[in-house]
>>> print(open('coords.cif').read())   # mmCIF, C-alpha atoms
data_work
#
loop_
_atom_site.label_atom_id
_atom_site.label_comp_id
_atom_site.auth_asym_id
_atom_site.auth_seq_id
_atom_site.Cartn_x
_atom_site.Cartn_y
_atom_site.Cartn_z
CA MET A 1 41.89 -185.54 40.45
CA PRO A 2 45.44 -186.88 40.45
CA PRO A 3 45.89 -190.23 38.73
CA ARG A 4 45.39 -193.29 40.88
CA ARG A 5 48.59 -194.87 42.14
CA SER A 6 49.18 -198.37 40.87
CA TYR A 7 51.45 -201.29 41.61
CA ASP A 8 51.68 -201.74 37.82
CA GLN A 9 51.49 -205.50 38.16
CA TYR A 10 49.40 -207.74 35.92
CA CYS A 11 47.84 -209.54 38.89
CA SER A 12 44.25 -209.40 40.12
CA THR A 13 45.38 -209.04 43.76
CA ALA A 14 47.57 -206.07 42.85
CA ARG A 15 44.74 -204.54 40.81
CA ALA A 16 42.37 -204.94 43.77
CA LEU A 17 44.88 -203.28 46.09
CA ASP A 18 45.21 -200.43 43.61
CA LEU A 19 41.57 -199.68 44.45
CA VAL A 20 41.15 -200.58 48.12
CA GLY A 21 44.66 -200.93 49.53
CA ASP A 22 45.02 -197.35 50.75
CA ARG A 23 44.65 -196.56 54.45
CA TRP A 24 40.99 -196.07 55.54
CA THR A 25 39.35 -197.31 52.33
CA LEU A 26 38.20 -200.69 53.62
CA LEU A 27 37.06 -199.16 56.91
CA ILE A 28 34.91 -196.72 54.94
CA VAL A 29 33.44 -199.74 53.14
CA ARG A 30 32.72 -201.30 56.55
CA GLU A 31 30.75 -198.19 57.54
CA LEU A 32 28.86 -198.04 54.24
CA LEU A 33 27.74 -201.65 54.58
CA ALA A 34 25.21 -200.14 57.00
CA GLY A 35 23.62 -198.29 54.07
CA PRO A 36 23.74 -194.62 53.01
CA ARG A 37 25.75 -192.44 55.41
CA ARG A 38 26.30 -188.71 55.63
CA TYR A 39 29.84 -187.40 55.56
CA THR A 40 29.51 -186.20 59.15
CA ASP A 41 28.34 -189.65 60.28
CA LEU A 42 31.26 -191.33 58.55
CA HIS A 43 33.71 -188.92 60.16
CA ALA A 44 32.19 -189.54 63.60
CA ASP A 45 32.46 -193.32 63.26
CA LEU A 46 36.01 -193.32 61.88
CA PRO A 47 37.93 -191.82 64.81
CA GLY A 48 41.42 -190.83 63.76
CA VAL A 49 40.71 -189.97 60.14
CA SER A 50 41.23 -186.34 59.13
CA THR A 51 38.55 -184.51 57.19
CA ASP A 52 40.92 -184.09 54.24
CA MET A 53 41.80 -187.79 54.19
CA LEU A 54 38.17 -188.88 54.40
CA ALA A 55 37.16 -186.53 51.59
CA SER A 56 40.05 -187.75 49.45
CA ARG A 57 39.24 -191.42 50.01
CA LEU A 58 35.55 -190.89 49.23
CA LYS A 59 36.47 -189.15 45.96
CA ASP A 60 38.76 -192.05 45.08
CA MET A 61 35.97 -194.52 45.81
CA GLU A 62 33.55 -192.57 43.64
CA ARG A 63 36.05 -192.43 40.80
CA ASP A 64 36.68 -196.16 41.04
CA GLY A 65 33.02 -197.12 41.11
CA ILE A 66 33.06 -198.43 44.70
CA ALA A 67 30.84 -195.73 46.22
CA ALA A 68 28.43 -193.10 44.97
CA ARG A 69 27.19 -189.77 46.33
CA ARG A 70 23.56 -188.75 46.01
CA ARG A 71 21.13 -186.25 47.48
CA LEU A 72 18.24 -187.60 49.51
CA ALA A 73 14.76 -186.44 48.59
CA PRO A 74 13.10 -183.75 50.74
CA PRO A 75 12.53 -183.25 53.60
CA ALA A 76 16.00 -184.69 54.31
CA ALA A 77 17.67 -183.07 51.27
CA VAL A 78 21.17 -184.01 52.40
CA PHE A 79 23.97 -185.72 50.52
CA VAL A 80 24.86 -189.27 51.47
CA TYR A 81 27.45 -191.80 50.35
CA GLU A 82 26.54 -195.38 49.59
CA LEU A 83 28.20 -198.46 48.15
CA THR A 84 27.65 -199.42 44.56
CA ARG A 85 27.01 -203.03 43.59
CA ARG A 86 30.74 -203.34 43.05
CA GLY A 87 31.39 -201.90 46.50
CA ARG A 88 28.95 -204.31 48.17
CA GLU A 89 30.89 -207.19 46.67
CA LEU A 90 33.64 -206.33 49.19
CA LYS A 91 31.53 -207.65 52.10
CA PRO A 92 32.98 -211.21 51.99
CA VAL A 93 36.45 -209.67 51.67
CA LEU A 94 35.92 -207.73 54.91
CA GLU A 95 34.46 -210.77 56.63
CA ALA A 96 37.45 -212.89 55.64
CA LEU A 97 39.88 -210.16 56.69
CA GLY A 98 38.12 -209.83 60.04
CA LYS A 99 38.28 -213.59 60.57
CA TRP A 100 41.99 -213.57 59.72
CA GLY A 101 42.57 -210.70 62.15
CA GLU A 102 40.84 -212.30 65.16
CA PRO A 103 44.13 -213.46 66.74
CA GLU A 104 45.39 -209.86 66.68
CA LEU A 105 42.59 -208.45 68.85
CA GLY A 106 43.67 -209.56 72.30
CA GLU A 107 42.43 -207.42 75.18
CA ARG A 108 41.08 -203.98 74.39
CA ARG A 109 43.79 -201.32 74.84
CA PRO A 110 43.08 -198.05 76.69
CA THR A 111 43.62 -196.14 73.45
CA ASP A 112 41.26 -198.31 71.37
CA ALA A 113 38.11 -196.62 70.12
CA VAL A 114 35.03 -198.80 69.79
CA ARG A 115 31.61 -198.53 68.21
CA ALA A 116 28.95 -201.14 68.87
CA HIS A 117 28.27 -201.69 65.17
CA TRP A 118 31.91 -202.70 64.58
CA PHE A 119 30.85 -206.04 66.06
CA ALA A 120 28.19 -206.47 63.38
CA LEU A 121 30.22 -208.37 60.77
CA PRO A 122 31.76 -210.85 63.27
CA LEU A 123 28.34 -211.55 64.79
CA LEU A 124 26.74 -211.85 61.38
CA ARG A 125 29.38 -214.40 60.47
CA GLY A 126 28.71 -216.17 63.76
CA LEU A 127 25.01 -216.47 62.98
CA ARG A 128 25.82 -218.03 59.64
CA GLN A 129 28.23 -220.58 61.07
CA GLY A 130 27.62 -223.61 63.18
CA GLY A 131 29.13 -223.84 66.63
CA GLU A 132 31.72 -226.37 67.69
CA SER A 133 29.05 -228.97 68.31
CA GLY A 134 26.51 -227.86 65.72
CA ALA A 135 26.02 -227.92 61.99
CA GLY A 136 28.28 -225.87 59.82
CA GLY A 137 31.93 -226.15 59.16
CA ALA A 138 35.02 -224.10 58.89
CA ASP A 139 34.00 -222.78 55.50
CA GLY A 140 31.21 -220.74 57.10
CA GLU A 141 28.31 -222.73 55.73
CA GLY A 142 25.51 -223.92 57.96
CA GLY A 143 24.13 -222.07 60.96
CA LEU A 144 21.35 -219.71 59.94
CA ALA A 145 22.69 -218.94 56.46
CA GLY A 146 19.35 -219.72 54.86
CA ASP A 147 17.16 -217.78 57.31
CA GLY A 148 16.21 -214.20 56.50
CA GLY A 149 15.16 -211.60 59.01
CA VAL A 150 16.33 -208.85 61.33
CA VAL A 151 18.22 -209.56 64.54
CA GLU A 152 18.56 -206.77 67.09
CA VAL A 153 21.68 -206.94 69.25
CA ARG A 154 21.83 -205.28 72.64
CA SER A 155 25.29 -204.91 74.13
CA GLU A 156 27.00 -202.81 76.77
CA GLU A 157 28.65 -200.82 73.98
CA GLY A 158 25.29 -199.99 72.40
CA ASP A 159 22.58 -201.44 70.20
CA PHE A 160 22.67 -202.36 66.52
CA HIS A 161 20.78 -204.67 64.21
CA LEU A 162 21.73 -207.28 61.62
CA ARG A 163 19.92 -208.19 58.42
CA LEU A 164 20.13 -211.83 57.43
CA GLY A 165 19.37 -213.03 53.93
CA ASP A 166 20.77 -212.64 50.47
CA GLY A 167 20.27 -209.54 48.37
CA GLU A 168 20.29 -207.01 51.21
CA GLU A 169 21.87 -203.72 50.20
CA SER A 170 22.66 -202.95 53.84
CA VAL A 171 23.68 -205.77 56.14
CA TYR A 172 23.51 -203.97 59.47
CA GLY A 173 22.46 -200.71 61.06
CA ALA A 174 23.45 -198.74 64.15
CA GLY A 175 20.88 -198.46 66.90
CA PRO A 176 17.75 -200.54 67.53
CA ALA A 177 15.91 -202.11 64.60
CA PRO A 178 13.56 -199.59 62.92
CA ALA A 179 10.65 -202.01 63.35
CA GLU A 180 9.98 -204.99 65.59
CA PRO A 181 12.89 -207.37 64.94
CA ASP A 182 12.52 -211.07 64.32
CA ALA A 183 14.82 -211.79 67.26
CA ARG A 184 16.79 -210.00 69.96
CA LEU A 185 20.15 -211.05 71.36
CA VAL A 186 21.67 -209.68 74.56
CA LEU A 187 25.46 -209.88 74.93
CA ASP A 188 27.48 -208.71 77.90
CA SER A 189 30.91 -207.25 77.23
CA GLY A 190 32.77 -210.44 78.10
CA ILE A 191 30.89 -212.79 75.79
CA CYS A 192 30.81 -210.17 73.02
CA ALA A 193 34.59 -209.82 73.15
CA ALA A 194 35.05 -213.59 73.23
CA VAL A 195 32.87 -214.02 70.13
CA VAL A 196 34.60 -211.31 68.09
CA ARG A 197 38.00 -212.71 69.10
CA GLY A 198 36.93 -216.12 67.81
CA GLU A 199 37.22 -217.75 71.23
CA VAL A 200 33.53 -218.67 71.46
CA ALA A 201 31.10 -219.61 68.68
CA LEU A 202 28.03 -217.37 68.88
CA LEU A 203 25.57 -220.22 68.40
CA ASP A 204 27.28 -222.22 71.16
CA ALA A 205 26.83 -219.23 73.48
CA VAL A 206 23.14 -219.13 72.52
CA ARG A 207 22.75 -222.85 73.21
CA ASP A 208 24.23 -222.71 76.68
CA GLY A 209 22.30 -219.61 77.70
CA ARG A 210 25.13 -217.09 77.78
CA VAL A 211 23.39 -215.12 75.00
CA PRO A 212 19.63 -214.85 75.70
CA VAL A 213 17.32 -214.80 72.66
CA THR A 214 13.82 -213.30 72.71
CA GLY A 215 11.16 -213.31 70.03
CA GLU A 216 8.55 -215.72 68.70
CA SER A 217 9.37 -215.59 64.99
CA PRO A 218 10.66 -218.63 63.10
CA LEU A 219 14.11 -217.00 63.13
CA ALA A 220 14.08 -216.60 66.93
CA LYS A 221 12.97 -220.20 67.35
CA ALA A 222 15.67 -221.36 64.91
CA LEU A 223 18.27 -219.48 66.94
CA ARG A 224 17.18 -221.13 70.18
CA GLU A 225 17.18 -224.55 68.53
CA ALA A 226 20.42 -224.09 66.52
#
>>> encode(input="coords.cif", output="structure tokens")
Amino acid sequence: MPPRRSYDQYCSTARALDLVGDRWTLLIVRELLAGPRRYTDLHADLPGVSTDMLASRLKDMERDGIAARRRLAPPAAVFVYELTRRGRELKPVLEALGKWGEPELGERRPTDAVRAHWFALPLLRGLRQGGESGAGGADGEGGLAGDGGVVEVRSEEGDFHLRLGDGEESVYGAGPAPAEPDARLVLDSGICAAVVRGEVALLDAVRDGRVPVTGESPLAKALREA
């Protein structure tokens, strides 16, 4: 492989950008936060990336210890890509970048692609923060940060599920939860867009009934009482 390009600056920010500053790299990380993904799945959920570019970025990420490629055991017997421990440490970076980028969203443009699970990180952050009138501050502490469990989200764009709790290797997944979730949230397109744009706190929307919550688990009850 060709040598990695570098800013050649003795600065931790520059060193980090040497690894993840190229176009598409952080979006690949976003996809791999869902857990192991096949190349074809990554390509399908990264509209606009060429096959050559995706292959090149994945090789760079393997070389730099951010992602790894492995073969699943039979009967699947397919190759998947997954984040390494070092790669998973980029989750708070993506969350902070997404928070910073909220003012840039505006209304969805006709040319904008969308996947339901792209809302996962903003909603996960919303579950871990307090609303305007609830516990939790601007630093993201409070909310349901200490509650583990699986939350299934049903939206007009599609279904996905979130995994709350520390130590999870995958923090969300596309589609319904693989088993009965601890709680279900239902978001219409308007409230979903308002939450991801930072205009409405998710827990405030739960409190005032704009986001219905079902389930009888402690997590579901904590959501309704947040």
>>> resolve_selection(input="coords.cif", expression="the PyMOL selection byres ((chain A and resi 185) around 7)", output="mmCIF file with C-alpha atoms, keeping the file's coordinate frame")
data_model
loop_
_atom_site.group_PDB
_atom_site.id
_atom_site.type_symbol
_atom_site.label_atom_id
_atom_site.label_comp_id
_atom_site.auth_asym_id
_atom_site.auth_seq_id
_atom_site.Cartn_x
_atom_site.Cartn_y
_atom_site.Cartn_z
ATOM 1 C CA GLU A 152 18.560 -206.770 67.090
ATOM 2 C CA VAL A 153 21.680 -206.940 69.250
ATOM 3 C CA ARG A 154 21.830 -205.280 72.640
ATOM 4 C CA ALA A 183 14.820 -211.790 67.260
ATOM 5 C CA ARG A 184 16.790 -210.000 69.960
ATOM 6 C CA VAL A 186 21.670 -209.680 74.560
ATOM 7 C CA LEU A 187 25.460 -209.880 74.930
ATOM 8 C CA VAL A 211 23.390 -215.120 75.000
ATOM 9 C CA PRO A 212 19.630 -214.850 75.700
ATOM 10 C CA VAL A 213 17.320 -214.800 72.660
ATOM 11 C CA THR A 214 13.820 -213.300 72.710
#
>>> resolve_selection(input="coords.cif", expression="the PyMOL selection byres ((chain A and resi 106) around 12)", output="list of chain:residue names")
A:Gly101, A:Glu102, A:Pro103, A:Glu104, A:Leu105, A:Glu107, A:Arg108, A:Arg109, A:Asp112, A:Ala193, A:Ala194, A:Val195, A:Val196, A:Arg197, A:Gly198, A:Glu199
>>> write_last_selection(input="coords.cif", atoms="C-alpha atoms", output="short mmCIF file (atom, residue, chain, number, x, y, z; two decimals), in the frame of the given file")
data_model
loop_
_atom_site.label_atom_id
_atom_site.label_comp_id
_atom_site.auth_asym_id
_atom_site.auth_seq_id
_atom_site.Cartn_x
_atom_site.Cartn_y
_atom_site.Cartn_z
CA GLY A 101 42.57 -210.70 62.15
CA GLU A 102 40.84 -212.30 65.16
CA PRO A 103 44.13 -213.46 66.74
CA GLU A 104 45.39 -209.86 66.68
CA LEU A 105 42.59 -208.45 68.85
CA GLU A 107 42.43 -207.42 75.18
CA ARG A 108 41.08 -203.98 74.39
CA ARG A 109 43.79 -201.32 74.84
CA ASP A 112 41.26 -198.31 71.37
CA ALA A 193 34.59 -209.82 73.15
CA ALA A 194 35.05 -213.59 73.23
CA VAL A 195 32.87 -214.02 70.13
CA VAL A 196 34.60 -211.31 68.09
CA ARG A 197 38.00 -212.71 69.10
CA GLY A 198 36.93 -216.12 67.81
CA GLU A 199 37.22 -217.75 71.23
#
>>> resolve_selection(input="coords.cif", expression="the PyMOL selection byres ((chain A and resi 218) around 10)", output="count of residues only")
14
>>> residues_around(input="coords.cif", residues="A:Thr84", least_positions_apart="2", cutoff="6 Å", atoms="all atoms listed in the file", output="list in words")
Ile66, Ala67, Arg86 and Gly87 of chain A
>>> closest_residue(input="coords.cif", among="A:Leu42, A:Leu17, A:Met53, A:Val200", to="A:Tyr81", atoms="all atoms listed in the file")
A:Leu42
